[in-house]
Structures are given as structure tokens and as C-alpha cells.
Amino acid sequence: MELTGADIVVRCLQDEGIEHIFGYPGGAALHIYDALYKNDHVKHILVRHEQGAAHAADGYARATGKPGVVLVTSGPGITNAVTGIATAYMDSTPMVIVSGQVATHLIGDDAFQEVDAVGITRPCVKHNFLVKDVRDLATTMKKAFYLASSGRPGPVLVDVPKDVTAHTTEYIYPSSLSMRSYAPVNKGHPKQIRRATDLLLNAKRPIVYSGGGVVLADAEEELRELVRLLGYPCTSTLMGLGAYPAGDPLFLGMLGMHGTYEANMAMHGCDVMLAVGARFDDRVTGELSKFSPGSKIIHIDADPSSIGKNVRTDVPIVGDAGRVLADLVADIKARTQKPDEQAIEQWWDRINEWRRVDSLAYDRESELIKPQEVVEALYSATGGEAFVTSDVGQHQMWTAQFYGFKQTRRWINSGGLGTMGFGLPAAMGVQMAHPGATVACVTGEASIIMCIQELSTCRQYDLPIKIINLNNRYMGMVRQWQEFFYDRRYAHSYMDALPDFVALAEAFGHTGMRIEKSGDVEGALREAVNLKDRLVFLDFITDQTENVYPMIAAGAGHNEMHLHPGIGAPPRERELA
């Protein structure tokens with residue numbers, strides 16, 4: 001059967017089981033759009049900006065584990081999408097981006113809407129392709145999905161010139177393929193598994209450190225079994241929240257720059273660290289020379305380039321997080337040796353001392369709306385079961401600290417790139433993937449404006465997202481840093497001339513609420529959640545002076561946290577034995 005290149009692209013999506021794609025049409029992609037018009041299997045979601053398309057596909061992928069798909073045109077179409085592609089790359093989200101390109105004979109001539117898509121995206125994709133022959137198109141699409149979804153996932157670009165989408169060839173979509181230059185390792189080396197078990201069973205002050213790789217590998221059950229089998233404390237990165245349930249007594253909360261006192265102190269004082277699917281980025285480690293100075297480190301990761309990149313590793317294990325954790329559990333169960341109960345009990349005594357500091361305390365008697373209380377009320381109104389997206393800044397950290405995620409793929413945020421504008425379009429992707437679920441976007445007045453035009457997309461597709469705008473009239477995290485480190489010189493961080501968000505939401509056809517009193521917070525959220533078929537924009541006017549605590553300043557160690565001024569100094573630490 002012969003098909004045009006455009007029909008081949010769409011048939012490849014269909015044969016991959018893709019149900020939704022996110023995009024914006026333009027000249028170089030019009031053959032593909034015409035093919036979509038004739039296809040009943042793949043639903044196209046028309047966004048209002050290509051950045052929104054990439055973020056929506058990203059949210060869709062994170063909430064489902066399936067690759068998100070983006071379709072854009074050449075020139076500004078693909079350049080507008082680059083921020084979303086880079087966001088997906090930093091957080092290892094599986095994504096395939098199909099971009100239109102000028103005809104092959106025009107490439108390099110500075111033709112209308114021509115950019116070097118391959119060159120521009122090379123630093124922020126897992127791989128990219130320029131398809132110059134229609135006979136290579138189906139195989140290239142198969143490679144793109146394989147690369148995007150295997151090993152350490154990531155975005156893959158397929159750039160397709162317009163004449164290639166018009167040419168015809170026989171359609172053969174490979175059922176499987178292998179690539180000689182790409183062979184991700186899934187199973188950990190048995191010798192390294194045994195070495196890791198030896199360290200874990202002989203540990204006196206152990207900690208399990210879980211990252212986003214556990215979520216990507218759907219390895220939460222294996223992680224939970226290991227932690228409960230050993231009875232060891234567990235902490236998580238921002239991206240790993242939900243893999244181990246918040247509220248479980250073995251969970252210490254998030255670690256890092258805005259992590260809990262107990263998690264950071266335990267990380268600093270541990271003697272054996274098991275890191276799973278985490279990349280030891282600077283927001284977690286703080287000053288590298290001060291990071292966990294007395295520990296032996298076991299590092300499990302699907303990406304060998306992440307192991308040893310930032311911190312020394314004593315036992316490196318390359319492999320799929322779920323398979324490696326399952327093998328570790330089996331090896332531990334097969335041993336006659338058990339953890340040192342007395343040492344572990346003493347370690348828990350120390351951790352429980354740190355827990356008594358209550359590092360997430362805030363002023364609950366204030367007449368002003370505190371952002372933390374809004375997040376706690378959101379948890380109460382949704383039963384902790386919502387899919388929650390966020391933008392970047394203080395509101396992101398408060399959501400991570402106070403929502404209490406119990407499941408994976410419920411917390412959708414831009415961790416690595418820190419992209420303002422991510423939250424709303426990501427929520428669109430999540431809502432398309434889970435139409436009956438409660439999806440909340442926690443944002444701030446500076447972030448939401450970045451992609452506010454996507455309220456139009458939400459109206460077109462009747463997406464009942466709940467937008468929780470923590471409005472303090474500042475770029476909150478910028479203001480916090482200016483307060484702490486720039487002698488309160490608030491240079492260009494005040495958000496003046498803001499719109500009336502309630503009127504703006506209503507202008508787009510949605511429901512708007514403005515909440516100014518603390519006593520109205522929970523009622524407004526419950527009312528919004530009960531409006532099952534409406535997008536509700538809740539504009540919470542919050543305390544402008546509230547900061548995120550704890551905080552580890554640049555150059556400090558995990559044992560040098562700034563705590564909320566109302567807490568007072570923690571008890572003096574005695575030396576660890």
C-alpha cells in the first residue's frame with residue numbers, strides 16, 4: 001500500500017497507539033494536517049502557542065507514562081516549542097516532536113520560515129532526525145518512539161521537509177527494531193547487586209534517596225518493598241515525590257534546598273546512601289564539598305553518564321530502577337544476615353529528634369492568607385487524590401512540601417529547567433489523559449501570565465482544570481532571594497499592572513473566584529472542586545512577605561539550613577559516632 005509522507009506520519013502515530021497529539025498548524029506541516037483531517041484514530045488538540053503544545057504533551061506523558069506527541073510547523077513553530085522540548089529533556093520525559101521543514105531543495109537557502117531545527121534542538125533532545133527520503137520516514141518514526149521511551153527517556157525530534165510529506169512510498173511500519181549504536185542496559189550487574197546488599201546490611205546510619213527515575217520506571221512498588229523490608233528512612237527529590245507515600249513513618253519528606261530538616265540532616269549524617277533514579281543535581285546536594293561527607297554511596301540509574309558525574313560513587317549500578325530494586329530485595333531476602341537492629345534504632349532516635357524541630361511550621365494565626373494553608377486546603381478538598389501541576393517558584397516548593405503526594409504520576413512540575421508557564425498547558429495534557437480526574441494547577445501571578453492564552457484551549461475542549469493562583473504580586477522566589485542575599489533590593493520583581501484574573505477567566509468563558517480572607521480558603525476550594533465540568537480560576541491574595549523554609553543557601557551544607565524565624569535554633573548537634 002502506497003501512502004504519502006504525510007499519511008505515513010499519521011499512520012505511524014496510529015500504529016503506535018497514540019490517541020492525542022498537541023500542535024499548531026503552519027505551511028510546512030499542512031500536508032500532515034490534511035492527513036490528520038482524514039484520520040479518525042488520532043485526536044489533535046489545537047493549542048494557542050507551540051510552547052503550550054510541548055508542555056501539554058509533557059504533562060500527558062508524565063501522567064500516563066506514554067510518550068507525548070507534538071506537531072508544529074517550521075521556523076517559529078519549532079523555535080516556539082524549544083522551551084517545552086528543553087523542559088522535557090531536563091526531566092527525562094518521553095516525547096516525540098514532528099516538525100515541518102521547508103522543501104529539501106530549499107534547505108540552506110534562508111527560505112521563508114526556515115530554521116535549522118536539528119541544530120537548534122541538538123543540545124536539548126535525546127536524538128533528532130532530518131528525513132530527506134520518504135522511504136526512510138516510517139522507520140525513522142519507529143526509531144523516534146523507541147529512543148524516546150527506552151533507557152533514560154527523553155524528547156526526540158523528527159524534522160520532515162514539506163516535499164517529503166508529499167512524496168509517496170509503500171507503507172511498512174516495523175513491529176520492532178534494534179539499533180546497533182543504542183542498547184540500553186536494563187538489568188543490573190549481579191556482582192554490584194551483591195556489593196550493594198553488603199553495604200546496606202552493614203549500615204548503621206542508612207538512608208534511601210529516591211528520584212524521578214523511580215517514577216519514570218514505574219518502580220514505586222519495588223521501592224516501597226525494599227524500604228519496608230529494611231526499615232530504613234527514605235527521602236525523595238522534588239521529581240520523585242509520590243514514589244514513597246507521604247505520611248508513612250519511614251518517609252522523611254523531600255530533601256535539598258527546600259527539604260525538611262530531618263531529611264537534610266539524615267542525608268548529611270548517613271553512613272550508607274542508596275540513591276535510586278536521582279542525578280545529584282545542585283538543588284539537592286548544595287555545596288558538593290560538604291555533601292554527605294561520611295557516606296558510602298550506591299547509585300542506581302538507567303543512564304550511565306549520570307553515575308559519578310556530580311558525586312563520587314562507591315557502588316555504581318546501571319539498569320532499570322524496578323528490575324534492580326527487585327534484584328536487591330531478592331538478594332536481601334536470601335541472606336541470613338539482617339540489619340543491625342540496635343544501630344538502626346539509635347539512628348531512628350536521632351532522626352526523630354530532628355523531626356521535632358517542625359521545619360515546615362508557619363504562622364497559622366495570621367489574618368492574611370498564607371500560601372501553605374491554601375495547599376493544605378487543596379489536599380483536604382481533593383482527598384489527596386488530585387493530579388497537581390505547578391509552575392516554578394515559591395508556590396512550587398509549597399506544593400511539594402504540603403500536598404503530601406501518596407502516588408506517582410500525580411505531581412507534574414518542571415524540576416530541571418524551572419520553566420515558568422509550564423503549569424497550565426501541562427494540566428491540559430493531564431486532563432486530556434484523565435478526563436474524569438480532578439486536575440489542579442498551582443501557580444503564581446507571574447507564572448500564569450506566561451501561557452495564559454491556553455485558557456482559550458481549555459474552553460475549546462471543555463477542560464475543567466482548577467487553577468490555584470497564589471497571588472502575592474511578586475515574582476516570589478526572586479523576591480525571597482533579593483531579601484536574603486541582595487539587602488532587600490527588590491529589582492524588578494514586583495508585578496505591577498496585573499489583570500483582574502477573575503474578569504480575565506470569565507472573558508475566556510470560565511468561572512473566576514477572588515479569595516482575600518483566610519476563612520474563605522477551604523470553602524472556595526471545595527466549591528471549585530465540586531464544579532466538575534467547569535474550569536475555575538481561584539485568585540488567592542496571599543501574604544506578600546511569606547518565604548519558603550527551610551532553605552539551604554548557596555555554598556552551604558545540608559546541616560546549615562535557614563529555618564523559619566519563628567522556630568528558633570535547633571538543638572546543638574552532637575558528633576555522629
# chains A, B, ... in the order shown; residues from 1 in each chain; ligands from 1
call {"tool": "residues_around", "arguments": {"residues": "Ser99 (chain A)", "least_positions_apart": "5", "cutoff": "8 Å", "atoms": "only C-alpha atoms", "output": "list in words"}}
result
Ala29, Leu71, Val72, Thr73, Ser74, Gly77, Ile78, Leu157, Val158, Asp159 and Val160 of chain A
call {"tool": "write_last_selection", "arguments": {"atoms": "N, CA and C atoms", "output": "compact mmCIF listing (two decimals), in the first residue's frame"}}
result
# COMPACT_ATOMS: atom_id res chain seq x y z
N ALA A 29 3.79 22.18 7.54
CA ALA A 29 3.17 20.99 8.13
C ALA A 29 1.77 20.73 7.60
N LEU A 71 3.16 18.34 17.27
CA LEU A 71 3.22 18.60 15.83
C LEU A 71 3.24 20.10 15.61
N VAL A 72 4.33 20.60 15.00
CA VAL A 72 4.47 22.03 14.75
C VAL A 72 5.02 22.25 13.35
N THR A 73 4.95 23.49 12.91
CA THR A 73 5.47 23.83 11.60
C THR A 73 6.92 24.28 11.71
N SER A 74 7.47 24.72 10.60
CA SER A 74 8.88 25.11 10.54
C SER A 74 9.08 26.50 11.15
N GLY A 77 7.48 27.99 14.43
CA GLY A 77 6.76 26.87 15.02
C GLY A 77 7.66 26.03 15.90
N ILE A 78 8.80 25.64 15.36
CA ILE A 78 9.70 24.80 16.14
C ILE A 78 10.47 25.62 17.17
N LEU A 157 13.23 14.54 18.17
CA LEU A 157 12.68 15.36 17.10
C LEU A 157 12.78 14.65 15.76
N VAL A 158 11.69 14.69 14.99
CA VAL A 158 11.69 14.23 13.60
C VAL A 158 11.32 15.42 12.73
N ASP A 159 12.29 15.95 11.98
CA ASP A 159 12.09 17.12 11.13
C ASP A 159 11.81 16.63 9.71
N VAL A 160 10.65 17.01 9.16
CA VAL A 160 10.19 16.44 7.89
C VAL A 160 9.94 17.55 6.86
call {"tool": "select_by_dssp", "arguments": {"residues": "region 346-508 of chain A", "states": "strand (DSSP E)", "output": "PyMOL selection string"}}
result
chain A and resi 387-390+411-412+439-444+466-471
call {"tool": "write_last_selection", "arguments": {"atoms": "all heavy atoms", "output": "short mmCIF file (atom, residue, chain, number, x, y, z; two decimals), in the first residue's frame"}}
result
data_model
loop_
_atom_site.label_atom_id
_atom_site.label_comp_id
_atom_site.auth_asym_id
_atom_site.auth_seq_id
_atom_site.Cartn_x
_atom_site.Cartn_y
_atom_site.Cartn_z
N PHE A 387 -4.48 15.18 40.48
CA PHE A 387 -3.28 15.40 39.69
C PHE A 387 -2.93 16.87 39.85
O PHE A 387 -3.79 17.74 39.59
CB PHE A 387 -3.51 15.07 38.22
CG PHE A 387 -3.68 13.60 37.94
CD1 PHE A 387 -4.93 13.01 38.06
CD2 PHE A 387 -2.61 12.83 37.54
CE1 PHE A 387 -5.10 11.66 37.80
CE2 PHE A 387 -2.76 11.48 37.28
CZ PHE A 387 -4.02 10.88 37.40
N VAL A 388 -1.71 17.17 40.28
CA VAL A 388 -1.35 18.55 40.57
C VAL A 388 -0.17 18.95 39.70
O VAL A 388 0.90 18.33 39.75
CB VAL A 388 -0.98 18.73 42.06
CG1 VAL A 388 -0.66 20.19 42.34
CG2 VAL A 388 -2.12 18.26 42.95
N THR A 389 -0.37 19.99 38.89
CA THR A 389 0.74 20.58 38.14
C THR A 389 1.13 21.87 38.83
O THR A 389 0.39 22.42 39.64
CB THR A 389 0.35 20.87 36.67
OG1 THR A 389 -0.54 22.00 36.63
CG2 THR A 389 -0.31 19.68 36.02
N SER A 390 2.32 22.35 38.51
CA SER A 390 2.72 23.65 39.05
C SER A 390 3.60 24.37 38.05
O SER A 390 4.14 23.77 37.11
CB SER A 390 3.47 23.50 40.38
OG SER A 390 4.84 23.23 40.16
N TRP A 411 2.16 14.29 40.56
CA TRP A 411 2.87 15.55 40.78
C TRP A 411 3.65 15.87 39.51
O TRP A 411 4.60 15.20 39.16
CB TRP A 411 3.80 15.43 41.99
CG TRP A 411 4.77 16.53 42.26
CD1 TRP A 411 6.10 16.38 42.55
CD2 TRP A 411 4.53 17.95 42.31
NE1 TRP A 411 6.69 17.59 42.78
CE2 TRP A 411 5.74 18.58 42.64
CE3 TRP A 411 3.40 18.74 42.11
CZ2 TRP A 411 5.86 19.97 42.77
CZ3 TRP A 411 3.52 20.13 42.24
CH2 TRP A 411 4.73 20.72 42.57
N ILE A 412 3.19 16.91 38.79
CA ILE A 412 3.71 17.23 37.45
C ILE A 412 4.28 18.63 37.50
O ILE A 412 3.54 19.63 37.57
CB ILE A 412 2.57 17.17 36.40
CG1 ILE A 412 1.70 15.92 36.58
CG2 ILE A 412 3.13 17.29 34.99
CD1 ILE A 412 2.34 14.61 36.27
N VAL A 439 -7.92 17.78 38.25
CA VAL A 439 -6.59 18.28 37.88
C VAL A 439 -6.49 19.71 38.38
O VAL A 439 -7.32 20.56 38.03
CB VAL A 439 -6.36 18.23 36.36
CG1 VAL A 439 -4.98 18.79 36.01
CG2 VAL A 439 -6.51 16.80 35.84
N ALA A 440 -5.48 19.97 39.20
CA ALA A 440 -5.26 21.30 39.75
C ALA A 440 -3.93 21.84 39.29
O ALA A 440 -2.92 21.11 39.27
CB ALA A 440 -5.31 21.26 41.28
N CYS A 441 -3.90 23.10 38.92
CA CYS A 441 -2.66 23.79 38.56
C CYS A 441 -2.38 24.83 39.64
O CYS A 441 -3.12 25.80 39.77
CB CYS A 441 -2.79 24.46 37.19
SG CYS A 441 -1.45 25.61 36.80
N VAL A 442 -1.32 24.62 40.41
CA VAL A 442 -0.93 25.59 41.43
C VAL A 442 0.11 26.50 40.80
O VAL A 442 1.14 26.04 40.31
CB VAL A 442 -0.36 24.90 42.68
CG1 VAL A 442 0.01 25.94 43.73
CG2 VAL A 442 -1.37 23.91 43.25
N THR A 443 -0.17 27.79 40.82
CA THR A 443 0.67 28.73 40.08
C THR A 443 0.80 30.03 40.85
O THR A 443 0.30 30.17 41.97
CB THR A 443 0.07 28.96 38.67
OG1 THR A 443 0.94 29.79 37.91
CG2 THR A 443 -1.31 29.59 38.73
N GLY A 444 1.49 30.98 40.24
CA GLY A 444 1.61 32.33 40.79
C GLY A 444 1.28 33.33 39.71
O GLY A 444 1.27 33.00 38.51
N LYS A 466 -8.68 23.17 37.70
CA LYS A 466 -8.80 24.13 38.80
C LYS A 466 -7.46 24.85 38.94
O LYS A 466 -6.44 24.23 39.26
CB LYS A 466 -9.16 23.44 40.12
CG LYS A 466 -10.27 22.39 40.01
CD LYS A 466 -11.54 22.88 39.33
CE LYS A 466 -12.53 21.74 39.12
NZ LYS A 466 -13.63 22.12 38.20
N ILE A 467 -7.46 26.15 38.68
CA ILE A 467 -6.23 26.94 38.74
C ILE A 467 -6.17 27.63 40.09
O ILE A 467 -7.06 28.41 40.44
CB ILE A 467 -6.19 27.97 37.60
CG1 ILE A 467 -6.20 27.27 36.24
CG2 ILE A 467 -4.95 28.87 37.73
CD1 ILE A 467 -6.33 28.21 35.06
N ILE A 468 -5.14 27.33 40.87
CA ILE A 468 -4.95 27.91 42.20
C ILE A 468 -3.82 28.91 42.09
O ILE A 468 -2.64 28.56 42.05
CB ILE A 468 -4.64 26.81 43.26
CG1 ILE A 468 -5.87 25.96 43.54
CG2 ILE A 468 -4.17 27.44 44.55
CD1 ILE A 468 -6.17 24.89 42.53
N ASN A 469 -4.18 30.18 41.99
CA ASN A 469 -3.21 31.25 41.79
C ASN A 469 -2.84 31.85 43.13
O ASN A 469 -3.65 32.54 43.76
CB ASN A 469 -3.80 32.31 40.86
CG ASN A 469 -2.79 33.38 40.47
OD1 ASN A 469 -1.62 33.07 40.27
ND2 ASN A 469 -3.23 34.62 40.34
N LEU A 470 -1.62 31.58 43.60
CA LEU A 470 -1.13 32.14 44.86
C LEU A 470 -0.54 33.51 44.55
O LEU A 470 0.64 33.64 44.20
CB LEU A 470 -0.11 31.21 45.50
CG LEU A 470 -0.62 29.79 45.79
CD1 LEU A 470 0.46 28.94 46.45
CD2 LEU A 470 -1.88 29.82 46.65
N ASN A 471 -1.36 34.52 44.65
CA ASN A 471 -1.07 35.84 44.13
C ASN A 471 -0.50 36.74 45.24
O ASN A 471 -1.23 37.24 46.08
CB ASN A 471 -2.36 36.44 43.56
CG ASN A 471 -2.15 37.77 42.86
OD1 ASN A 471 -1.10 38.39 42.96
ND2 ASN A 471 -3.17 38.22 42.16
#
call {"tool": "residues_around", "arguments": {"residues": "Leu538 (chain A)", "least_positions_apart": "2", "cutoff": "9 Å", "atoms": "only C-alpha atoms", "output": "PyMOL selection string"}}
result
chain A and resi 466-470+501-502+511-515+524-525+528+536+540
call {"tool": "atom_distance", "arguments": {"atom1": "CA of Arg279 (chain A)", "atom2": "CA of Arg152 (chain A)"}}
result
11.7 Å
call {"tool": "residues_around", "arguments": {"residues": "region 81-85 of chain A", "least_positions_apart": "2", "cutoff": "9 Å", "atoms": "only C-alpha atoms", "output": "PyMOL selection string"}}
result
chain A and resi 49-56+58+70+72+76-79+87-90+95+97+120-121+124-125+155-156+417+419+422
call {"tool": "closest_residue", "arguments": {"among": "A:Ala203, A:Val315, A:Val227, A:Ala427", "to": "Gln337 (chain A)", "atoms": "only C-alpha atoms"}}
result
A:Ala203
call {"tool": "residues_around", "arguments": {"residues": "Ala144 (chain A)", "least_positions_apart": "3", "cutoff": "8 Å", "atoms": "only C-alpha atoms", "output": "ChimeraX atom specification"}}
result
/A:96,127-128,140-141,147-148,156-158
call {"tool": "residues_around", "arguments": {"residues": "region 162-165 of chain A", "least_positions_apart": "3", "cutoff": "7 Å", "atoms": "only C-alpha atoms", "output": "PDB file with N, CA, C and O atoms, in the first residue's frame"}}
result
ATOM      1  N   THR A   4       1.293   8.802   1.034  1.00  0.00           N
ATOM      2  CA  THR A   4       2.142   9.987   1.057  1.00  0.00           C
ATOM      3  C   THR A   4       2.911  10.034   2.371  1.00  0.00           C
ATOM      4  O   THR A   4       2.531   9.399   3.373  1.00  0.00           O
ATOM      5  N   GLY A   5       3.969  10.837   2.398  1.00  0.00           N
ATOM      6  CA  GLY A   5       4.720  11.002   3.638  1.00  0.00           C
ATOM      7  C   GLY A   5       3.852  11.512   4.766  1.00  0.00           C
ATOM      8  O   GLY A   5       3.996  11.089   5.922  1.00  0.00           O
ATOM      9  N   ALA A   6       2.911  12.421   4.436  1.00  0.00           N
ATOM     10  CA  ALA A   6       2.009  12.945   5.460  1.00  0.00           C
ATOM     11  C   ALA A   6       1.137  11.837   6.030  1.00  0.00           C
ATOM     12  O   ALA A   6       0.955  11.722   7.253  1.00  0.00           O
ATOM     13  N   ALA A  28       4.533  24.528   6.354  1.00  0.00           N
ATOM     14  CA  ALA A  28       5.377  23.364   6.104  1.00  0.00           C
ATOM     15  C   ALA A  28       4.772  22.077   6.650  1.00  0.00           C
ATOM     16  O   ALA A  28       5.190  20.984   6.264  1.00  0.00           O
ATOM     17  N   ALA A  29       3.791  22.182   7.542  1.00  0.00           N
ATOM     18  CA  ALA A  29       3.173  20.991   8.133  1.00  0.00           C
ATOM     19  C   ALA A  29       1.771  20.730   7.596  1.00  0.00           C
ATOM     20  O   ALA A  29       1.097  19.808   8.074  1.00  0.00           O
ATOM     21  N   HIS A  31       0.490  19.422   4.851  1.00  0.00           N
ATOM     22  CA  HIS A  31       0.188  18.094   4.319  1.00  0.00           C
ATOM     23  C   HIS A  31      -0.139  17.123   5.464  1.00  0.00           C
ATOM     24  O   HIS A  31      -1.039  16.282   5.340  1.00  0.00           O
ATOM     25  N   ILE A  32       0.597  17.237   6.567  1.00  0.00           N
ATOM     26  CA  ILE A  32       0.348  16.356   7.718  1.00  0.00           C
ATOM     27  C   ILE A  32      -0.996  16.687   8.342  1.00  0.00           C
ATOM     28  O   ILE A  32      -1.764  15.784   8.710  1.00  0.00           O
ATOM     29  N   GLY A 100       7.450  20.361  10.785  1.00  0.00           N
ATOM     30  CA  GLY A 100       7.539  20.601   9.356  1.00  0.00           C
ATOM     31  C   GLY A 100       8.818  21.349   9.033  1.00  0.00           C
ATOM     32  O   GLY A 100       9.359  22.074   9.867  1.00  0.00           O
ATOM     33  N   GLN A 101       9.300  21.157   7.820  1.00  0.00           N
ATOM     34  CA  GLN A 101      10.518  21.843   7.359  1.00  0.00           C
ATOM     35  C   GLN A 101      10.294  22.288   5.915  1.00  0.00           C
ATOM     36  O   GLN A 101       9.435  21.736   5.217  1.00  0.00           O
ATOM     37  N   VAL A 102      11.042  23.295   5.497  1.00  0.00           N
ATOM     38  CA  VAL A 102      10.935  23.721   4.102  1.00  0.00           C
ATOM     39  C   VAL A 102      11.361  22.573   3.187  1.00  0.00           C
ATOM     40  O   VAL A 102      12.013  21.617   3.622  1.00  0.00           O
ATOM     41  N   ALA A 103      10.980  22.648   1.942  1.00  0.00           N
ATOM     42  CA  ALA A 103      11.312  21.584   0.982  1.00  0.00           C
ATOM     43  C   ALA A 103      12.815  21.352   0.933  1.00  0.00           C
ATOM     44  O   ALA A 103      13.619  22.266   1.149  1.00  0.00           O
ATOM     45  N   THR A 104      13.204  20.115   0.642  1.00  0.00           N
ATOM     46  CA  THR A 104      14.621  19.732   0.705  1.00  0.00           C
ATOM     47  C   THR A 104      15.504  20.600  -0.173  1.00  0.00           C
ATOM     48  O   THR A 104      16.635  20.936   0.209  1.00  0.00           O
ATOM     49  N   LYS A 132      15.065  13.064   4.728  1.00  0.00           N
ATOM     50  CA  LYS A 132      15.141  13.617   3.373  1.00  0.00           C
ATOM     51  C   LYS A 132      14.573  12.685   2.312  1.00  0.00           C
ATOM     52  O   LYS A 132      14.470  13.067   1.140  1.00  0.00           O
ATOM     53  N   ASP A 133      14.220  11.459   2.709  1.00  0.00           N
ATOM     54  CA  ASP A 133      13.688  10.475   1.760  1.00  0.00           C
ATOM     55  C   ASP A 133      12.449   9.846   2.381  1.00  0.00           C
ATOM     56  O   ASP A 133      12.504   9.317   3.487  1.00  0.00           O
ATOM     57  N   VAL A 134      11.337   9.905   1.663  1.00  0.00           N
ATOM     58  CA  VAL A 134      10.084   9.393   2.206  1.00  0.00           C
ATOM     59  C   VAL A 134      10.184   7.906   2.540  1.00  0.00           C
ATOM     60  O   VAL A 134       9.487   7.414   3.434  1.00  0.00           O
TER      61      VAL A 134
END
call {"tool": "residues_around", "arguments": {"residues": "Gly509 (chain A)", "least_positions_apart": "6", "cutoff": "9 Å", "atoms": "only C-alpha atoms", "output": "JSON, numbers by chain"}}
result
{"A": [455, 456, 459, 535]}
call {"tool": "atom_distance", "arguments": {"atom1": "CA of Leu13 (chain A)", "atom2": "CA of His41 (chain A)"}}
result
9.0 Å
call {"tool": "closest_residue", "arguments": {"among": "A:Leu563, A:Ile452, A:Met432, A:Met239", "to": "Ile21 (chain A)", "atoms": "only C-alpha atoms"}}
result
A:Met432
call {"tool": "closest_residue", "arguments": {"among": "A:Met1, A:Ala330, A:Val521, A:Ala266", "to": "Thr235 (chain A)", "atoms": "only C-alpha atoms"}}
result
A:Ala266
call {"tool": "closest_residue", "arguments": {"among": "A:Phe405, A:Tyr362, A:Trp347, A:Tyr146", "to": "Leu241 (chain A)", "atoms": "only C-alpha atoms"}}
result
A:Phe405
call {"tool": "closest_residue", "arguments": {"among": "A:Met450, A:Ser295, A:Thr542, A:Met475", "to": "Val375 (chain A)", "atoms": "only C-alpha atoms"}}
result
A:Thr542
call {"tool": "select_by_dssp", "arguments": {"residues": "region 439-567 of chain A", "states": "alpha helix (DSSP H)", "output": "short mmCIF file (atom, residue, chain, number, x, y, z; two decimals) with N, CA and C atoms, in the first residue's frame"}}
result
data_model
loop_
_atom_site.label_atom_id
_atom_site.label_comp_id
_atom_site.auth_asym_id
_atom_site.auth_seq_id
_atom_site.Cartn_x
_atom_site.Cartn_y
_atom_site.Cartn_z
N GLU A 445 1.04 34.55 40.11
CA GLU A 445 0.59 35.55 39.15
C GLU A 445 1.63 35.85 38.08
N ALA A 446 2.91 35.65 38.36
CA ALA A 446 3.94 35.87 37.35
C ALA A 446 3.99 34.71 36.36
N SER A 447 3.87 33.50 36.87
CA SER A 447 3.96 32.31 36.01
C SER A 447 2.75 32.15 35.11
N ILE A 448 1.55 32.35 35.65
CA ILE A 448 0.35 32.02 34.89
C ILE A 448 0.22 32.89 33.64
N GLU A 454 -3.59 29.83 26.87
CA GLU A 454 -4.11 28.47 26.81
C GLU A 454 -5.46 28.33 27.51
N LEU A 455 -5.92 29.38 28.21
CA LEU A 455 -7.29 29.36 28.70
C LEU A 455 -8.28 29.21 27.54
N SER A 456 -7.88 29.68 26.36
CA SER A 456 -8.72 29.51 25.17
C SER A 456 -8.80 28.04 24.76
N THR A 457 -7.67 27.34 24.81
CA THR A 457 -7.66 25.91 24.51
C THR A 457 -8.55 25.15 25.50
N CYS A 458 -8.44 25.52 26.78
CA CYS A 458 -9.27 24.87 27.80
C CYS A 458 -10.75 25.06 27.52
N ARG A 459 -11.10 26.24 27.02
CA ARG A 459 -12.51 26.48 26.69
C ARG A 459 -12.96 25.65 25.50
N GLN A 460 -12.10 25.56 24.47
CA GLN A 460 -12.48 24.82 23.27
C GLN A 460 -12.73 23.35 23.56
N GLY A 476 7.79 35.62 43.41
CA GLY A 476 8.02 35.32 44.81
C GLY A 476 9.40 34.82 45.15
N MET A 477 9.92 33.85 44.39
CA MET A 477 11.23 33.31 44.73
C MET A 477 12.32 34.32 44.43
N VAL A 478 12.14 35.11 43.38
CA VAL A 478 13.10 36.18 43.10
C VAL A 478 13.12 37.16 44.27
N ARG A 479 11.92 37.57 44.74
CA ARG A 479 11.85 38.49 45.87
C ARG A 479 12.51 37.89 47.11
N GLN A 480 12.30 36.58 47.34
CA GLN A 480 12.90 35.94 48.51
C GLN A 480 14.41 35.99 48.45
N TRP A 481 14.98 35.70 47.30
CA TRP A 481 16.45 35.75 47.16
C TRP A 481 16.95 37.19 47.31
N GLN A 482 16.18 38.16 46.79
CA GLN A 482 16.60 39.55 46.93
C GLN A 482 16.55 39.98 48.39
N GLU A 483 15.58 39.45 49.14
CA GLU A 483 15.51 39.74 50.57
C GLU A 483 16.69 39.14 51.32
N PHE A 484 17.03 37.91 51.01
CA PHE A 484 18.08 37.20 51.75
C PHE A 484 19.49 37.62 51.34
N PHE A 485 19.71 37.82 50.05
CA PHE A 485 21.08 37.93 49.54
C PHE A 485 21.40 39.25 48.83
N PHE A 501 -7.81 38.86 37.38
CA PHE A 501 -7.80 37.48 36.93
C PHE A 501 -9.21 36.88 36.87
N VAL A 502 -10.09 37.31 37.76
CA VAL A 502 -11.46 36.80 37.73
C VAL A 502 -12.14 37.23 36.44
N ALA A 503 -12.03 38.51 36.11
CA ALA A 503 -12.63 39.02 34.87
C ALA A 503 -11.99 38.38 33.65
N LEU A 504 -10.67 38.16 33.72
CA LEU A 504 -9.97 37.55 32.59
C LEU A 504 -10.45 36.12 32.37
N ALA A 505 -10.56 35.36 33.45
CA ALA A 505 -11.06 33.98 33.32
C ALA A 505 -12.46 33.97 32.74
N GLU A 506 -13.30 34.88 33.21
CA GLU A 506 -14.67 34.93 32.71
C GLU A 506 -14.72 35.37 31.25
N ALA A 507 -13.78 36.21 30.83
CA ALA A 507 -13.72 36.63 29.44
C ALA A 507 -13.41 35.45 28.52
N VAL A 521 -10.87 30.26 52.44
CA VAL A 521 -9.99 29.45 51.58
C VAL A 521 -10.59 28.06 51.34
N GLU A 522 -10.89 27.34 52.39
CA GLU A 522 -11.32 25.95 52.22
C GLU A 522 -12.67 25.87 51.51
N GLY A 523 -13.59 26.76 51.85
CA GLY A 523 -14.89 26.74 51.20
C GLY A 523 -14.80 26.99 49.71
N ALA A 524 -13.93 27.95 49.32
CA ALA A 524 -13.77 28.24 47.90
C ALA A 524 -13.21 27.05 47.14
N LEU A 525 -12.24 26.37 47.73
CA LEU A 525 -11.65 25.22 47.07
C LEU A 525 -12.65 24.07 46.94
N ARG A 526 -13.43 23.84 47.97
CA ARG A 526 -14.43 22.76 47.88
C ARG A 526 -15.48 23.10 46.83
N GLU A 527 -15.89 24.35 46.76
CA GLU A 527 -16.85 24.75 45.74
C GLU A 527 -16.26 24.54 44.34
N ALA A 528 -15.00 24.92 44.17
CA ALA A 528 -14.36 24.77 42.86
C ALA A 528 -14.25 23.30 42.45
N VAL A 529 -13.83 22.45 43.39
CA VAL A 529 -13.68 21.02 43.09
C VAL A 529 -15.03 20.41 42.73
N ASN A 530 -16.09 20.90 43.35
CA ASN A 530 -17.43 20.36 43.08
C ASN A 530 -17.99 20.80 41.73
#
call {"tool": "closest_residue", "arguments": {"among": "A:Arg409, A:Arg135, A:Arg350, A:His189", "to": "Val430 (chain A)", "atoms": "only C-alpha atoms"}}
result
A:Arg409
